[in-house]
>>> print(open('start_36.txt').read())   # compact mmCIF, C-alpha atoms and all ligand atoms
# COMPACT_ATOMS: atom_id res chain seq x y z
CA MET A 187 232.84 30.67 46.27
CA ALA A 188 229.87 31.59 44.06
CA PHE A 189 226.27 31.65 45.19
CA THR A 190 223.20 31.85 43.04
CA ARG A 191 220.15 33.81 44.10
CA ARG A 192 218.39 30.55 44.81
CA ASP A 193 221.24 29.42 47.01
CA PHE A 194 221.18 32.62 48.93
CA LEU A 195 217.48 32.77 49.52
CA THR A 196 217.33 29.21 50.73
CA SER A 197 217.78 29.51 54.44
CA ALA A 198 219.34 26.17 55.18
CA ALA A 199 221.88 26.50 52.40
CA LEU A 200 223.72 29.16 54.33
CA SER A 201 223.75 27.51 57.69
CA THR A 202 227.51 27.60 57.93
CA LEU A 203 228.32 30.41 55.53
CA ALA A 204 228.82 33.14 58.07
CA VAL A 205 231.23 31.16 60.17
CA GLY A 206 232.95 29.64 57.18
CA LEU A 207 233.86 32.56 54.98
CA ASN A 208 237.11 34.29 55.82
CA GLY A 209 237.57 32.01 58.79
CA GLN A 210 235.74 34.53 60.97
CA SER A 211 233.18 33.63 63.56
CA THR A 212 232.82 36.67 65.77
CA PRO A 213 229.18 37.41 66.54
CA SER A 214 227.75 40.88 66.11
CA THR A 215 228.61 43.12 69.01
CA ASP A 216 226.27 42.81 71.97
CA ILE A 217 225.43 46.39 72.79
CA HIS A 218 224.25 45.59 76.28
CA GLY A 219 227.63 45.06 77.81
CA PRO A 220 228.45 42.41 80.32
CA ALA A 221 225.12 42.23 82.11
CA PRO A 222 223.48 38.93 81.14
CA GLY A 223 220.04 39.33 79.61
CA PRO A 224 217.11 37.02 80.23
CA GLN A 225 217.83 33.65 78.74
CA ALA A 226 214.51 31.84 78.44
CA THR A 227 213.21 31.77 74.89
CA LYS A 228 209.63 30.71 74.14
CA GLY A 229 207.49 30.68 71.02
CA THR A 230 208.27 30.46 67.33
CA GLY A 231 208.88 34.02 66.18
CA SER A 232 205.36 34.66 64.99
CA GLY A 233 201.89 34.15 66.37
CA GLN A 234 198.49 35.51 67.18
CA GLY A 235 198.62 37.82 70.19
CA LYS A 236 195.73 39.13 72.19
CA PRO A 237 195.46 42.89 72.77
CA PRO A 238 196.78 44.67 74.64
CA ILE A 239 200.10 43.58 73.15
CA LEU A 240 203.56 45.08 72.74
CA VAL A 241 206.24 43.78 70.34
CA SER A 242 209.75 45.13 70.79
CA SER A 243 213.40 44.49 70.17
CA ALA A 244 214.92 42.22 72.84
CA ASN A 245 216.40 45.21 74.65
CA GLY A 246 212.86 46.38 75.40
CA TRP A 247 212.75 43.61 78.02
CA ASN A 248 213.25 45.87 81.05
CA GLY A 249 210.61 48.42 80.09
CA ILE A 250 207.93 46.27 78.51
CA ASP A 251 206.18 45.45 81.81
CA LYS A 252 205.59 49.13 82.37
CA GLY A 253 204.29 49.55 78.83
CA TYR A 254 201.93 46.61 79.27
CA GLN A 255 200.61 47.97 82.55
CA MET A 256 200.00 51.36 80.93
CA LEU A 257 197.91 49.70 78.23
CA ARG A 258 195.98 47.77 80.87
CA ASP A 259 195.35 51.06 82.65
CA GLY A 260 193.93 52.59 79.48
CA LYS A 261 196.88 54.89 78.80
CA ASP A 262 197.65 56.07 75.29
CA THR A 263 199.35 53.55 72.98
CA LEU A 264 202.20 55.90 72.06
CA ASP A 265 202.85 56.75 75.71
CA ALA A 266 203.17 53.01 76.38
CA ALA A 267 205.56 52.46 73.46
CA ILE A 268 207.69 55.42 74.54
CA ALA A 269 207.83 54.13 78.13
CA VAL A 270 209.61 51.03 76.81
CA GLY A 271 212.27 53.14 75.08
CA LYS A 272 212.58 55.62 77.95
CA THR A 273 213.45 52.87 80.42
CA GLN A 274 216.64 52.21 78.48
CA GLU A 275 217.28 55.86 77.58
CA ASP A 276 217.46 56.55 81.34
CA ASP A 277 219.82 53.62 82.00
CA PRO A 278 223.49 54.66 81.81
CA ASN A 279 224.49 51.02 81.41
CA ASP A 280 222.62 50.67 78.12
CA MET A 281 225.10 51.93 75.58
CA SER A 282 222.69 51.83 72.64
CA VAL A 283 220.30 54.65 73.54
CA GLY A 284 219.96 57.83 75.61
CA LEU A 285 222.28 58.44 78.55
CA GLY A 286 225.40 56.30 78.14
CA GLY A 287 224.97 55.76 74.40
CA LEU A 288 228.21 55.33 72.47
CA PRO A 289 229.28 58.65 70.89
CA ASN A 290 230.25 59.83 67.42
CA GLU A 291 233.83 60.06 66.17
CA GLU A 292 234.34 63.31 68.11
CA GLY A 293 233.22 61.74 71.40
CA VAL A 294 229.81 63.41 71.39
CA VAL A 295 226.61 61.40 71.91
CA GLU A 296 224.02 62.07 69.18
CA LEU A 297 220.57 60.54 69.51
CA ASP A 298 217.82 59.82 66.97
CA SER A 299 214.18 58.85 67.44
CA CYS A 300 210.81 58.83 65.74
CA CYS A 301 207.28 57.88 66.66
CA MET A 302 203.87 57.47 65.07
CA HIS A 303 200.51 57.72 66.79
CA GLY A 304 197.92 55.53 65.12
CA PRO A 305 194.67 57.08 66.37
CA THR A 306 195.57 60.60 65.17
CA ARG A 307 197.89 59.46 62.36
CA MET A 308 200.43 61.98 63.61
CA ALA A 309 204.21 61.56 63.53
CA GLY A 310 207.25 63.14 65.16
CA SER A 311 210.98 62.76 64.75
CA VAL A 312 214.31 64.14 65.95
CA GLY A 313 217.82 63.50 64.66
CA GLY A 314 221.33 64.25 65.88
CA VAL A 315 220.23 65.49 69.33
CA ARG A 316 223.22 66.03 71.62
CA ASN A 317 222.22 66.94 75.17
CA ILE A 318 218.73 65.59 75.77
CA LYS A 319 218.49 61.94 76.76
CA ASN A 320 214.76 61.22 76.27
CA VAL A 321 214.59 61.71 72.53
CA ALA A 322 211.54 59.49 72.09
CA LEU A 323 209.63 61.97 74.26
CA LEU A 324 211.22 64.81 72.29
CA ALA A 325 210.02 63.26 69.01
CA GLN A 326 206.54 63.02 70.55
CA ALA A 327 206.81 66.69 71.57
CA VAL A 328 207.62 67.67 67.98
CA MET A 329 204.48 65.78 66.99
CA GLN A 330 202.33 67.39 69.67
CA HIS A 331 203.66 70.94 69.84
CA THR A 332 204.69 71.90 66.30
CA GLY A 333 203.34 71.88 62.79
CA HIS A 334 206.47 69.97 61.74
CA VAL A 335 207.29 66.30 61.75
CA MET A 336 211.10 66.36 62.04
CA LEU A 337 213.60 68.58 63.86
CA VAL A 338 217.35 67.96 63.87
CA GLY A 339 220.49 69.02 65.68
CA GLU A 340 220.65 72.37 67.42
CA GLY A 341 217.12 73.31 66.41
CA ALA A 342 215.72 70.15 67.99
CA GLU A 343 217.68 70.82 71.18
CA LYS A 344 216.56 74.45 71.45
CA PHE A 345 213.01 73.31 70.96
CA GLY A 346 213.44 70.74 73.73
CA TYR A 347 214.87 73.27 76.19
CA ALA A 348 211.99 75.62 75.45
CA LEU A 349 209.62 72.84 76.49
CA GLY A 350 211.57 72.13 79.67
CA PHE A 351 213.62 69.10 78.67
CA PRO A 352 216.77 69.16 80.84
CA LYS A 353 220.18 69.71 79.26
CA GLU A 354 222.50 66.87 80.24
CA ASN A 355 225.92 65.59 79.32
CA LEU A 356 225.05 62.19 77.86
CA LEU A 357 228.61 60.88 77.67
CA THR A 358 229.13 58.66 80.71
CA GLU A 359 232.61 57.99 82.00
CA ARG A 360 232.43 54.43 80.68
CA ALA A 361 231.32 55.52 77.19
CA HIS A 362 234.09 58.12 77.23
CA GLN A 363 236.68 55.46 78.09
CA ILE A 364 235.46 53.20 75.29
CA TRP A 365 235.54 56.12 72.85
CA LEU A 366 239.10 56.85 73.98
CA LEU A 367 239.96 53.20 73.38
CA TRP A 368 238.59 53.51 69.85
CA LYS A 369 240.41 56.80 69.32
CA GLU A 370 243.73 55.45 70.49
CA SER A 371 243.54 52.16 68.67
CA MET A 372 241.39 52.70 65.63
CA SER A 373 240.89 56.32 64.84
CA ALA A 374 242.43 56.00 61.41
CA GLU A 375 239.68 53.55 60.52
CA ASP A 376 236.56 55.64 60.66
CA TRP A 377 233.39 55.94 58.63
CA TRP A 378 234.90 58.06 55.89
CA GLY A 379 235.28 56.44 52.51
CA MET A 380 233.26 53.89 50.59
CA GLY A 381 230.49 51.95 52.30
CA LEU A 382 229.61 48.31 51.88
CA ASP A 383 226.84 49.29 49.46
CA ASP A 384 229.24 50.94 47.01
CA PRO A 385 229.77 48.61 44.04
CA ARG A 386 233.45 49.60 44.10
CA TYR A 387 233.87 48.42 47.70
CA LYS A 388 236.13 45.39 47.75
CA LEU A 389 236.17 42.94 50.61
CA PRO A 390 239.70 42.10 51.73
CA GLU A 391 241.35 39.36 49.74
CA GLU A 392 242.03 36.12 51.52
CA GLY A 393 245.46 34.57 51.20
CA GLY A 394 248.69 36.20 50.18
CA SER A 395 249.56 36.96 53.78
CA GLU A 396 251.52 34.96 56.27
CA ARG A 397 248.72 35.23 58.84
CA SER A 398 245.15 34.07 58.38
CA ALA A 399 242.37 36.59 58.86
CA ALA A 400 241.42 34.87 62.10
CA GLU A 401 244.96 35.16 63.43
CA THR A 402 245.17 38.82 62.48
CA ARG A 403 241.85 39.44 64.17
CA GLU A 404 243.00 37.73 67.37
CA ILE A 405 246.24 39.73 67.46
CA GLU A 406 244.21 42.89 67.00
CA ARG A 407 241.80 41.89 69.76
CA GLN A 408 244.62 41.21 72.21
CA ARG A 409 246.28 44.51 71.39
CA ILE A 410 243.11 46.48 72.08
CA LEU A 411 242.37 44.42 75.19
CA GLU A 412 245.75 45.40 76.63
CA LEU A 413 245.07 49.02 75.81
CA ALA A 414 241.66 48.75 77.53
CA GLU A 415 243.44 47.60 80.68
CA ARG A 416 245.85 50.53 80.47
CA LEU A 417 242.90 52.89 80.11
CA HIS A 418 241.40 51.38 83.30
CA ILE A 419 238.22 50.18 81.64
CA GLU A 420 236.45 47.99 84.22
CA PRO A 421 237.40 44.33 83.69
CA GLU A 422 233.81 43.19 83.16
CA TRP A 423 233.35 45.81 80.41
CA ARG A 424 236.59 45.16 78.54
CA GLU A 425 235.29 42.48 76.21
CA PHE A 426 232.33 44.68 75.30
CA ALA A 427 234.63 47.67 74.79
CA VAL A 428 236.97 45.78 72.48
CA ASN A 429 234.06 44.48 70.41
CA ALA A 430 232.55 47.96 70.15
CA VAL A 431 235.89 49.35 69.00
CA MET A 432 236.54 46.66 66.41
CA TYR A 433 232.95 46.35 65.17
CA PRO A 434 230.98 49.54 65.78
CA PRO A 435 227.47 48.58 66.88
CA HIS A 436 224.19 50.34 66.07
CA GLY A 437 221.98 49.23 68.92
CA THR A 438 218.43 50.52 68.86
CA ILE A 439 215.09 49.94 70.58
CA HIS A 440 211.83 49.63 68.70
CA CYS A 441 208.38 49.00 70.19
CA SER A 442 205.04 48.56 68.42
CA VAL A 443 201.82 48.57 70.43
CA LEU A 444 198.15 47.58 70.07
CA ASN A 445 195.53 48.18 72.77
CA ASP A 446 192.18 46.55 73.35
CA LYS A 447 190.41 49.40 71.50
CA ASN A 448 192.44 48.39 68.41
CA GLU A 449 194.54 51.53 68.59
CA MET A 450 198.18 51.27 67.53
CA SER A 451 201.43 53.23 67.85
CA GLY A 452 205.16 52.74 67.33
CA MET A 453 208.43 54.21 68.58
CA THR A 454 212.13 53.77 67.78
CA THR A 455 215.05 55.32 69.67
CA THR A 456 218.83 55.01 69.35
CA SER A 457 222.25 56.54 69.82
CA GLY A 458 222.96 55.26 66.32
CA LEU A 459 226.11 53.83 64.88
CA ALA A 460 229.10 54.12 67.22
CA TRP A 461 231.94 56.43 66.07
CA LYS A 462 229.77 57.79 63.24
CA ILE A 463 230.57 60.97 61.38
CA PRO A 464 228.90 63.82 63.31
CA GLY A 465 225.50 64.49 61.83
CA ARG A 466 224.98 60.96 60.56
CA CYS A 467 221.38 59.85 60.97
CA GLY A 468 220.47 56.23 60.48
CA ASP A 469 217.02 54.80 59.96
CA SER A 470 215.71 55.36 63.48
CA PRO A 471 214.52 58.96 63.00
CA ILE A 472 213.20 58.26 59.51
CA ILE A 473 209.44 57.77 59.45
CA GLY A 474 208.89 54.79 57.15
CA ALA A 475 212.34 53.29 57.72
CA GLY A 476 213.00 52.83 61.46
CA ASN A 477 209.32 52.96 62.33
CA TYR A 478 205.95 53.09 60.59
CA CYS A 479 202.42 52.71 61.88
CA ASP A 480 199.13 52.81 60.01
CA GLN A 481 196.11 52.56 62.26
CA ASP A 482 194.21 50.61 59.57
CA VAL A 483 196.90 47.97 59.07
CA GLY A 484 199.68 47.61 61.62
CA SER A 485 203.00 48.83 62.93
CA ALA A 486 206.60 47.85 62.25
CA GLY A 487 210.08 48.92 63.27
CA ALA A 488 213.71 48.05 62.74
CA THR A 489 217.08 47.58 64.36
CA GLY A 490 220.34 46.92 62.57
CA SER A 491 222.09 48.45 59.59
CA GLY A 492 220.36 51.81 59.32
CA GLU A 493 221.76 52.67 55.93
CA GLU A 494 220.46 49.45 54.40
CA ASN A 495 217.04 49.92 55.95
CA ILE A 496 216.67 53.48 54.70
CA ARG A 497 217.31 52.29 51.16
CA ILE A 498 214.25 50.04 51.26
CA ALA A 499 212.06 52.17 53.59
CA GLY A 500 211.74 48.95 55.58
CA ALA A 501 209.00 49.69 58.11
CA HIS A 502 206.73 51.29 55.51
CA THR A 503 207.36 48.47 53.07
CA ILE A 504 206.30 45.95 55.71
CA VAL A 505 203.10 47.78 56.64
CA GLU A 506 202.19 48.17 52.96
CA ASN A 507 202.86 44.47 52.42
CA MET A 508 200.43 43.64 55.23
CA ARG A 509 197.87 45.99 53.70
CA LYS A 510 198.07 43.84 50.57
CA GLY A 511 197.34 40.71 52.60
CA MET A 512 200.73 39.36 53.62
CA SER A 513 201.19 37.92 57.10
CA PRO A 514 203.65 39.77 59.38
CA HIS A 515 206.22 37.06 58.69
CA GLU A 516 205.80 37.27 54.89
CA ALA A 517 205.79 41.07 54.97
CA GLY A 518 209.07 41.13 56.91
CA PHE A 519 210.72 38.54 54.71
CA ASP A 520 209.83 40.58 51.62
CA ALA A 521 211.63 43.58 53.14
CA LEU A 522 214.69 41.48 53.96
CA LYS A 523 214.75 40.14 50.40
CA ARG A 524 214.79 43.71 49.10
CA ILE A 525 218.00 44.25 51.03
CA VAL A 526 219.38 41.05 49.53
CA ARG A 527 218.40 42.35 46.11
CA ASN A 528 220.10 45.70 46.76
CA PHE A 529 223.36 43.80 47.17
CA ASN A 530 222.68 41.84 43.97
CA ASN A 531 222.49 38.74 46.20
CA ASP A 532 226.18 39.10 46.97
CA SER A 533 226.43 36.83 49.99
CA ALA A 534 230.02 37.88 50.68
CA LYS A 535 228.80 41.38 51.44
CA LEU A 536 225.46 40.44 52.94
CA GLN A 537 227.17 38.47 55.67
CA TYR A 538 228.16 41.86 57.13
CA VAL A 539 224.60 43.21 57.19
CA ASP A 540 222.53 42.87 60.37
CA MET A 541 218.82 43.63 59.95
CA LYS A 542 215.88 42.84 62.18
CA TYR A 543 212.20 43.80 61.96
CA TYR A 544 209.49 43.79 64.65
CA ILE A 545 205.99 43.56 63.23
CA LEU A 546 202.50 43.83 64.71
CA ARG A 547 199.28 43.65 62.68
CA LYS A 548 196.08 45.31 63.73
CA ASP A 549 194.47 41.97 64.61
CA GLY A 550 197.28 41.11 67.05
CA ALA A 551 199.23 38.85 64.67
CA TYR A 552 202.95 39.49 65.10
CA ALA A 553 206.40 38.40 63.93
CA GLY A 554 210.07 39.12 64.46
CA VAL A 555 212.25 38.50 61.42
CA THR A 556 215.99 38.72 60.91
CA LEU A 557 218.40 38.50 58.00
CA TRP A 558 220.62 36.13 60.02
CA SER A 559 219.54 33.66 62.67
CA GLY A 560 222.55 34.15 64.95
CA PRO A 561 224.41 31.22 66.48
CA ALA A 562 222.38 28.18 67.53
CA ASP A 563 223.05 28.75 71.22
CA ARG A 564 222.25 32.50 71.04
CA PRO A 565 219.58 32.97 68.36
CA ALA A 566 218.36 36.46 67.54
CA ARG A 567 215.35 37.19 69.76
CA PHE A 568 212.65 39.76 70.24
CA CYS A 569 210.29 40.61 73.05
CA VAL A 570 206.52 40.15 73.19
CA HIS A 571 204.11 41.00 76.00
CA ASP A 572 200.41 40.23 75.75
CA GLY A 573 199.93 39.26 79.36
CA THR A 574 202.80 36.81 79.11
CA LYS A 575 206.16 38.52 78.77
CA ARG A 576 208.55 36.49 76.67
CA LEU A 577 211.55 36.48 74.37
CA GLU A 578 210.86 34.64 71.13
CA PRO A 579 213.44 33.49 68.58
CA MET A 580 213.24 35.57 65.40
CA ILE A 581 212.40 33.91 62.10
CA ALA A 582 215.57 34.02 60.01
CA LEU A 583 215.86 34.45 56.26
CA ASN A 584 219.29 32.83 56.52
CA GLN A 585 220.82 30.47 59.02
CA GLY A 586 224.14 31.61 60.40
CA GLN A 587 225.43 34.71 62.04
CA ALA A 588 226.15 38.08 60.57
CA LEU A 589 229.80 38.96 60.74
CA ASP A 590 230.91 42.11 62.43
CA TYR A 591 231.62 44.97 60.09
CA PRO A 592 234.08 46.14 58.95
CA PRO A 593 236.17 43.09 58.03
CA ASN A 594 239.31 43.23 60.13
CA SER A 595 241.79 43.49 57.28
CA ARG A 596 240.25 46.81 56.32
CA ARG A 597 242.55 48.23 58.92
CA ARG A 598 245.44 46.01 57.91
CA SER A 599 247.94 48.85 57.52
CA ARG A 600 247.24 50.20 61.00
CA GLY A 601 246.99 47.02 62.99
CA ALA A 602 249.60 45.04 64.77
CA GLY A 603 252.37 47.60 64.96
CA ARG A 604 250.56 50.20 67.02
CA SER A 605 249.87 50.02 70.68
N1 LIG B 701 219.53 51.22 63.22
C1 LIG B 701 220.15 52.25 63.93
C2 LIG B 701 221.13 52.99 63.17
O1 LIG B 701 221.64 52.53 62.16
O2 LIG B 701 221.46 54.10 63.57
>>> encode(input="start_36.txt", output="structure tokens")
Amino acid sequence: MAFTRRDFLTSAALSTLAVGLNGQSTPSTDIHGPAPGPQATKGTGSGQGKPPILVSSANGWNGIDKGYQMLRDGKDTLDAAIAVGKTQEDDPNDMSVGLGGLPNEEGVVELDSCCMHGPTRMAGSVGGVRNIKNVALLAQAVMQHTGHVMLVGEGAEKFGYALGFPKENLLTERAHQIWLLWKESMSAEDWWGMGLDDPRYKLPEEGGSERSAAETREIERQRILELAERLHIEPEWREFAVNAVMYPPHGTIHCSVLNDKNEMSGMTTTSGLAWKIPGRCGDSPIIGAGNYCDQDVGSAGATGSGEENIRIAGAHTIVENMRKGMSPHEAGFDALKRIVRNFNNDSAKLQYVDMKYYILRKDGAYAGVTLWSGPADRPARFCVHDGTKRLEPMIALNQGQALDYPPNSRRRSRGAGRS
């Protein structure tokens, strides 16, 4: 199946690609577990908001009211953005950030965050933090209390303790059980070895086996589901756990903010890619990738494949595009197309890349853009609050849903026989 660049960049042309190739149709892992999120979707994915306004990833839903109220009360824009992230960092049931985040391959939670404060043009960042749950606040503390911009690992933690941040074990019992499930079922398939971006990386060949890829995937799913039961993972979390084991998620929260004095700020926080190699930092702590804010222009942030976003400095690219006159929607699409270009328009690989951007311009214009639309009944969404809190569908470069990575046959030699 060959695709030209034109084919690939034409949204409608790919409407069935993601569910057609390899016979796979599993949606990207929902990092929020079994709790149903708000369902109502309004708007078109871009628009003209009225300050004060916050634009966040969909998982900012729970905290965005607080952020909005803070802006109404005249609080600082960065404090409001951080309040949105902190709500989820404090929630042990959110397995994408803070307390309860999914751990690295050694079962240790490592958090990343960065922030930018428009009015002062200051920035702060922390990476690989192990025992402090509110890393967005810690990134802000680096910004406020040091002459540095970025602290990582042990140094960042020691700095946090010196400022009074509490030391906590961030691995909840549930996250530990899911890590154990991964360890017992998948540990031979980790993040060592070639990545999707390596030109030598070969997607599994179709055919030549007695079972289809879909059948193999289903057998694998059932095997891990049974193991989840044996490990006493709560029934309502089993489906989530199996997905997280088979397709490691990289859930993240971003929030960009504009107040009625035209001040802006942005914040991104995450526990990063599940089962990652210890020390791996994605895009979230990288100023210019996971988050970028320029008081003169706008603010942008990202969730999704951190490695791909770092390679195009996505948030900075988007803000610079807006400085040159692009709308938030155009600026975001340009960034997504740079990712497409980095894969030489190879749609077979790009179907495994999940990338979303949240964009707010200084005049209140905003957009949420995504590489893949998601399924028709569950489109990718983002959160906006400008007095009306809502989830809007994101504007998609391509119709269809990203496939979960890695492809299941990557673990072909380890699969069905083990239990
Ligand atoms: N985008 C979050 C991460 O890759 O860690």
>>> atom_distance(input="start_36.txt", atom1="atom CA of A:Arg567", atom2="atom CA of A:Met580")
5.1 Å
>>> residues_near_ligand(input="start_36.txt", ligand="ligand LIG 701 (chain B)", cutoff="10 Å", atoms="all atoms listed in the file", output="PyMOL selection string")
chain A and resi 282-283+297-299+435-440+454-460+462+466-471+475-476+487-496+540-542
>>> atom_distance(input="start_36.txt", atom1="atom CA of A:Gly235", atom2="atom CA of A:Arg524")
27.2 Å
>>> residues_around(input="start_36.txt", residues="A:Leu546", least_positions_apart="2", cutoff="12 Å", atoms="all atoms listed in the file", output="short mmCIF file (atom, residue, chain, number, x, y, z; two decimals) with C-alpha atoms, in the coordinates of the input")
data_model
loop_
_atom_site.label_atom_id
_atom_site.label_comp_id
_atom_site.auth_asym_id
_atom_site.auth_seq_id
_atom_site.Cartn_x
_atom_site.Cartn_y
_atom_site.Cartn_z
CA GLY A 231 208.88 34.02 66.18
CA SER A 232 205.36 34.66 64.99
CA GLY A 233 201.89 34.15 66.37
CA GLN A 234 198.49 35.51 67.18
CA GLY A 235 198.62 37.82 70.19
CA LYS A 236 195.73 39.13 72.19
CA PRO A 237 195.46 42.89 72.77
CA PRO A 238 196.78 44.67 74.64
CA ILE A 239 200.10 43.58 73.15
CA LEU A 240 203.56 45.08 72.74
CA VAL A 241 206.24 43.78 70.34
CA SER A 242 209.75 45.13 70.79
CA HIS A 440 211.83 49.63 68.70
CA CYS A 441 208.38 49.00 70.19
CA SER A 442 205.04 48.56 68.42
CA VAL A 443 201.82 48.57 70.43
CA LEU A 444 198.15 47.58 70.07
CA ASN A 445 195.53 48.18 72.77
CA ASN A 448 192.44 48.39 68.41
CA GLU A 449 194.54 51.53 68.59
CA MET A 450 198.18 51.27 67.53
CA SER A 451 201.43 53.23 67.85
CA GLY A 452 205.16 52.74 67.33
CA ASN A 477 209.32 52.96 62.33
CA TYR A 478 205.95 53.09 60.59
CA CYS A 479 202.42 52.71 61.88
CA ASP A 480 199.13 52.81 60.01
CA GLN A 481 196.11 52.56 62.26
CA ASP A 482 194.21 50.61 59.57
CA VAL A 483 196.90 47.97 59.07
CA GLY A 484 199.68 47.61 61.62
CA SER A 485 203.00 48.83 62.93
CA ALA A 486 206.60 47.85 62.25
CA GLY A 487 210.08 48.92 63.27
CA ALA A 501 209.00 49.69 58.11
CA ILE A 504 206.30 45.95 55.71
CA VAL A 505 203.10 47.78 56.64
CA MET A 508 200.43 43.64 55.23
CA SER A 513 201.19 37.92 57.10
CA PRO A 514 203.65 39.77 59.38
CA HIS A 515 206.22 37.06 58.69
CA ALA A 517 205.79 41.07 54.97
CA GLY A 518 209.07 41.13 56.91
CA TYR A 543 212.20 43.80 61.96
CA TYR A 544 209.49 43.79 64.65
CA LYS A 548 196.08 45.31 63.73
CA ASP A 549 194.47 41.97 64.61
CA GLY A 550 197.28 41.11 67.05
CA ALA A 551 199.23 38.85 64.67
CA TYR A 552 202.95 39.49 65.10
CA ALA A 553 206.40 38.40 63.93
CA GLY A 554 210.07 39.12 64.46
CA VAL A 555 212.25 38.50 61.42
CA CYS A 569 210.29 40.61 73.05
CA VAL A 570 206.52 40.15 73.19
CA HIS A 571 204.11 41.00 76.00
CA ASP A 572 200.41 40.23 75.75
#
>>> closest_residue(input="start_36.txt", among="A:Arg307, A:Lys228, A:Arg527, A:Arg424", to="A:Asp383", atoms="all atoms listed in the file")
A:Arg527
>>> residues_near_point(input="start_36.txt", point="(207.2, 63.7, 68.3)", cutoff="12 Å", atoms="only C-alpha atoms", output="PyMOL selection string")
chain A and resi 264-265+268+298-303+307-313+320-338+342+345-346+451-455+471-473
>>> atom_distance(input="start_36.txt", atom1="atom CA of A:Leu357", atom2="atom CA of A:Ala427")
14.8 Å
>>> closest_residue(input="start_36.txt", among="A:Gly253, A:Pro289, A:Pro464, A:Gly560", to="A:Leu583", atoms="only C-alpha atoms")
A:Gly560
>>> closest_residue(input="start_36.txt", among="A:Asn355, A:Thr556, A:Thr503, A:Asn290", to="A:Ser243", atoms="all atoms listed in the file")
A:Thr556
>>> residues_near_point(input="start_36.txt", point="(224.0, 66.0, 65.4)", cutoff="7 Å", atoms="only C-alpha atoms", output="PDB file with C-alpha atoms, keeping the file's coordinate frame")
ATOM      1  CA  GLU A 296     224.020  62.070  69.180  1.00  0.00           C
ATOM      2  CA  GLY A 313     217.820  63.500  64.660  1.00  0.00           C
ATOM      3  CA  GLY A 314     221.330  64.250  65.880  1.00  0.00           C
ATOM      4  CA  VAL A 315     220.230  65.490  69.330  1.00  0.00           C
ATOM      5  CA  ARG A 316     223.220  66.030  71.620  1.00  0.00           C
ATOM      6  CA  GLY A 339     220.490  69.020  65.680  1.00  0.00           C
ATOM      7  CA  PRO A 464     228.900  63.820  63.310  1.00  0.00           C
ATOM      8  CA  GLY A 465     225.500  64.490  61.830  1.00  0.00           C
TER       9      GLY A 465
END
>>> closest_residue(input="start_36.txt", among="A:Trp461, A:Phe519, A:Tyr387, A:Tyr347", to="A:His362", atoms="only C-alpha atoms")
A:Trp461
>>> closest_residue(input="start_36.txt", among="A:Val431, A:Ala582, A:Asp262, A:Thr574", to="A:Gly304", atoms="all atoms listed in the file")
A:Asp262
>>> decode(input="start_36.txt", residues="stretch 414-430 of chain A", atoms="C-alpha atoms", output="mmCIF file, in the first residue's frame")
data_model
loop_
_atom_site.group_PDB
_atom_site.id
_atom_site.type_symbol
_atom_site.label_atom_id
_atom_site.label_comp_id
_atom_site.auth_asym_id
_atom_site.auth_seq_id
_atom_site.Cartn_x
_atom_site.Cartn_y
_atom_site.Cartn_z
ATOM 1 C CA ALA A 414 -4.616 -9.102 35.747
ATOM 2 C CA GLU A 415 -7.318 -11.114 37.495
ATOM 3 C CA ARG A 416 -4.698 -13.298 39.173
ATOM 4 C CA LEU A 417 -2.898 -10.170 40.358
ATOM 5 C CA HIS A 418 -6.187 -8.950 41.901
ATOM 6 C CA ILE A 419 -6.373 -5.781 39.838
ATOM 7 C CA GLU A 420 -9.836 -4.307 40.479
ATOM 8 C CA PRO A 421 -12.270 -5.489 37.783
ATOM 9 C CA GLU A 422 -13.134 -1.963 36.637
ATOM 10 C CA TRP A 423 -9.430 -1.178 36.121
ATOM 11 C CA ARG A 424 -8.484 -4.360 34.271
ATOM 12 C CA GLU A 425 -9.233 -3.137 30.776
ATOM 13 C CA PHE A 426 -7.222 0.019 31.424
ATOM 14 C CA ALA A 427 -4.374 -2.033 32.901
ATOM 15 C CA VAL A 428 -4.200 -4.386 29.928
ATOM 16 C CA ASN A 429 -4.175 -1.466 27.491
ATOM 17 C CA ALA A 430 -1.441 0.295 29.456
#
